[in-house]
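See structure below.
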Amino acid sequence: MTAVALSVRDFEAAARATLDPVYADFIAGGARDEITVRANEAAFGELQLLPRVLRGNAVRSLDITLFGGRASMPVLLSPTAFHKLVDPEGEVATARAAAAAGAIMVVSMASTVAVGEIAEAARRACEGADPPPLWFQLYLQPDREITEALVRRATDAGCAALVVTVDSAVLGAGERNRRNGFHDLPPGLRCENLVDLRDGENGHVRQILMSAEFTWEHVDWLRGITDLPILLKGVLHPDDARLAVRHGVDGLVLSNHGGRQLDTVPATLELLPEIAAAVEGRVPVVLDGGVRRGTDVVKALALGASAVGIGRPVMWALADSGEKGVRRLLELLREELDDTLALCGASGVADLTPELVRFPSWGPRSGRVVP
Ligand SMILES: Cc1cc2nc3c(=O)[nH]c(=O)nc-3n(C[C@H](O)[C@H](O)[C@H](O)COP(=O)(O)O)c2cc1C
Ligand SMILES: O=C(O)C(=O)c1ccccc1
């Protein structure tokens, strides 16, 4: 990297400049026409902030608590596969940076370091102090024993929650990957969480089966085999949000997979008011997709999210400058968020309410719900 990154955008540009274009495309890309990829970011730009003044908010806290676990800021690392593709230390570097920042990291089922090793690295980075929670993302597998083994691995590693991704009945159609012929990890890299599970190929991406066979009964089944909080990632319809709560799910990640699954679904920010209304505060909602600025975080929290997740920014920072880069990224977002709170007259996340945002173009006939 030539200059110090001052924003997520800088990391994006730096990653594009250093990465193999095939990997840069894998990270940046989305499904089909990438309409939803663009919509996620654009929605944050459309929403306006309307700050309060003279609120006496010299002392500010960015802390949040989710499922009894504390984090130092409402920005978590959404699950992203294959960190060793962009950095030799891979998820170990990411986990150390997240631990140093006090941020929750969601380990991808398709991580290139085993979840136990990632957890150990996070603990060591905190030198005796409590590390922030580590969560584990999984795709339900047609073979229940495989799912059970993955849950056991995450539990043994000390993960504090399970994030079940439910938007992937089939693998997303990334035309950039197809054009570039990118289908497998390069030699030497494996999906380490899949190593030594009962079936064949050891740690091959192909072991992760995407299936359209899953139903709410599988969620009930999972509920029965673990005491860990379960979040569903990829619920977009308010009716499904209500169903999720009814099925005893502990939280939702309002996500369209960064526009990498079904293209032309709405921006997650646009859906947030409807989803928040559907769950009525019964479970926390984490939003991801297009979060690039502290102001984006404030907008999502104002509309009812308990936290936001970042996906691509983490990969960009990791590609640019490894652990140091992810540390810097999280610091930058923390600074931006703290600034934004100050400028909005807020002392903490509890002060962020819908009165702080305006939807100039989101009229009643747009189909968007104005809170
Ligand atoms: C390179 C990459 C890999 C991803 N891998 C996973 C994954 O393994 N599991 C998952 O549930 N989501 C995965 N996602 C989706 C992210 O968790 C997240 O929903 C999305 O990236 C958020 O949007 P953003 O990139 O605009 O921040 C991946 C996204 C990217 C960009
Ligand atoms: O690229 C993705 O979005 C993703 O979710 C994934 C899942 C498994 C393996 C590789 C990528």
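Every chain in the structure tokens has a letter given in the order shown (A, B, ...), and although residue numbers restart at 1 in each chain, ligands are simply numbered from 1 in the order shown.
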Excluding same-chain residues fewer than 2 positions from Leu62 of chain A, what lies within 9 Å of it counting only C-alpha atoms, as number ranges by chain?
A: 60, 64, 71-74, 334, 337-338, 347-349
Shell of 8 Å around segment 27-31 of chain A, only C-alpha atoms, local chain residues under 3 positions omitted, as a short mmCIF file (atom, residue, chain, number, x, y, z; two decimals) with N, CA and C atoms, in the first residue's frame:
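See selection_26.cif below for the written result:
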data_model
loop_
_atom_site.label_atom_id
_atom_site.label_comp_id
_atom_site.auth_asym_id
_atom_site.auth_seq_id
_atom_site.Cartn_x
_atom_site.Cartn_y
_atom_site.Cartn_z
N TYR A 23 -9.15 -12.92 -7.63
CA TYR A 23 -9.58 -12.86 -6.23
C TYR A 23 -10.29 -11.54 -5.93
N ALA A 24 -9.81 -10.47 -6.54
CA ALA A 24 -10.49 -9.17 -6.35
C ALA A 24 -11.93 -9.27 -6.84
N GLU A 34 -25.65 -7.86 -10.59
CA GLU A 34 -25.12 -7.13 -9.42
C GLU A 34 -25.95 -5.89 -9.08
N THR A 36 -28.36 -5.81 -6.81
CA THR A 36 -28.48 -5.72 -5.34
C THR A 36 -27.17 -5.27 -4.70
N VAL A 37 -26.05 -5.68 -5.28
CA VAL A 37 -24.75 -5.20 -4.75
C VAL A 37 -24.75 -3.69 -4.71
N GLY A 172 -24.77 -19.03 -5.21
CA GLY A 172 -24.99 -17.79 -5.94
C GLY A 172 -24.29 -17.80 -7.29
N ALA A 173 -24.96 -17.16 -8.28
CA ALA A 173 -24.41 -17.18 -9.63
C ALA A 173 -23.48 -15.99 -9.84
N GLY A 174 -22.23 -16.19 -9.52
CA GLY A 174 -21.24 -15.15 -9.72
C GLY A 174 -20.62 -15.29 -11.10
N GLU A 175 -21.06 -14.42 -12.01
CA GLU A 175 -20.57 -14.57 -13.39
C GLU A 175 -19.10 -14.17 -13.52
N ARG A 176 -18.65 -13.29 -12.58
CA ARG A 176 -17.23 -12.95 -12.62
C ARG A 176 -16.39 -14.21 -12.36
N GLY A 258 -24.73 -9.74 0.66
CA GLY A 258 -23.96 -8.76 -0.10
C GLY A 258 -24.28 -8.80 -1.59
N GLY A 259 -25.54 -9.15 -1.92
CA GLY A 259 -25.95 -9.22 -3.32
C GLY A 259 -25.35 -10.40 -4.06
N ARG A 260 -24.97 -11.43 -3.33
CA ARG A 260 -24.28 -12.56 -3.96
C ARG A 260 -25.19 -13.77 -4.17
N GLN A 261 -26.43 -13.70 -3.70
CA GLN A 261 -27.35 -14.84 -3.89
C GLN A 261 -28.44 -14.47 -4.91
N LEU A 262 -29.62 -14.08 -4.42
CA LEU A 262 -30.68 -13.70 -5.37
C LEU A 262 -30.50 -12.24 -5.78
N ASP A 263 -30.27 -12.00 -7.07
CA ASP A 263 -30.13 -10.61 -7.50
C ASP A 263 -31.51 -9.96 -7.62
N ARG A 312 -17.12 -7.37 2.72
CA ARG A 312 -16.02 -7.01 1.81
C ARG A 312 -14.96 -6.11 2.44
N MET A 315 -12.21 -8.11 3.95
CA MET A 315 -11.35 -8.77 2.95
C MET A 315 -10.41 -7.76 2.30
#
Contacts to ligand 1 at 8 Å cut-off (only C-alpha atoms and all ligand atoms) as a PyMOL selection string:
chain A and resi 26-29+37+40-41+78-82+108-111+137-139+163-165+233-234+255-260+288-292+309-313+315
Using only C-alpha atoms and all ligand atoms, which of the listed residues (A:Arg190, A:Arg153, A:His247, A:Arg9) sits closest to ligand 2?
A:Arg190
Residue neighbourhood segment 265-278 of chain A, 8 Å, only C-alpha atoms, exclusion window fewer than 5 positions, as a VMD selection string:
chain A and resid 36 39 to 41 43 to 44 236 to 239 241 to 242 254 to 256 259 285 287 to 289 300 303 to 305 368 to 371
Residues near Thr215 of chain A, anyone? I mean within 12 Å using only C-alpha atoms, not counting same-chain ones fewer than 5 positions away, as a PyMOL selection string.
chain A and resi 140+142+166+169+220-222+240+243-244+247
Atom CA of Glu323 of chain A to atom CA of Val286 of chain A, straight-line distance in Å:
24.3 Å
Surrounding residues of Arg328 of chain A excluding itself and chain neighbours under 3 positions, 9 Å, only C-alpha atoms, as a list in words
Ala5, Leu6, Ala97, Ala317, Glu323, Lys324, Gly325, Glu331, Leu332 and Leu333 of chain A
Dump as a compact mmCIF listing (two decimals), in the first residue's frame, selection limited to C-alpha atoms:
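Okay, this is what ended up in part-v1.txt:
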# COMPACT_ATOMS: atom_id res chain seq x y z
CA ALA A 5 -5.90 4.27 4.34
CA LEU A 6 -8.29 6.92 5.61
CA ALA A 97 -7.52 -7.69 14.78
CA ALA A 317 -8.21 -4.47 4.57
CA GLU A 323 -3.84 -8.01 10.66
CA LYS A 324 -2.66 -4.40 10.80
CA GLY A 325 -5.04 -3.50 8.00
CA GLU A 331 -10.31 1.81 14.22
CA LEU A 332 -11.42 3.96 11.29
CA LEU A 333 -15.01 2.79 11.58
Kindly give the distance, in Å, that separates atom CA of Phe359 of chain A and atom CA of Leu47 of chain A, rounded to a single decimal.
5.2 Å
Those in segment 185-233 of chain A with strand (DSSP E) from DSSP, as a PyMOL selection string
chain A and resi 230-233
Suppose we keep N, CA and C atoms; can you now write the selection as a compact mmCIF listing (two decimals), in the first residue's frame?
# COMPACT_ATOMS: atom_id res chain seq x y z
N ILE A 230 -29.18 -19.13 18.26
CA ILE A 230 -29.20 -19.35 16.82
C ILE A 230 -29.70 -18.09 16.13
N LEU A 231 -28.93 -17.60 15.18
CA LEU A 231 -29.38 -16.49 14.33
C LEU A 231 -29.58 -17.03 12.93
N LEU A 232 -30.62 -16.56 12.24
CA LEU A 232 -30.79 -16.91 10.84
C LEU A 232 -30.29 -15.75 10.00
N LYS A 233 -29.43 -16.07 9.04
CA LYS A 233 -28.85 -15.05 8.17
C LYS A 233 -29.44 -15.19 6.77
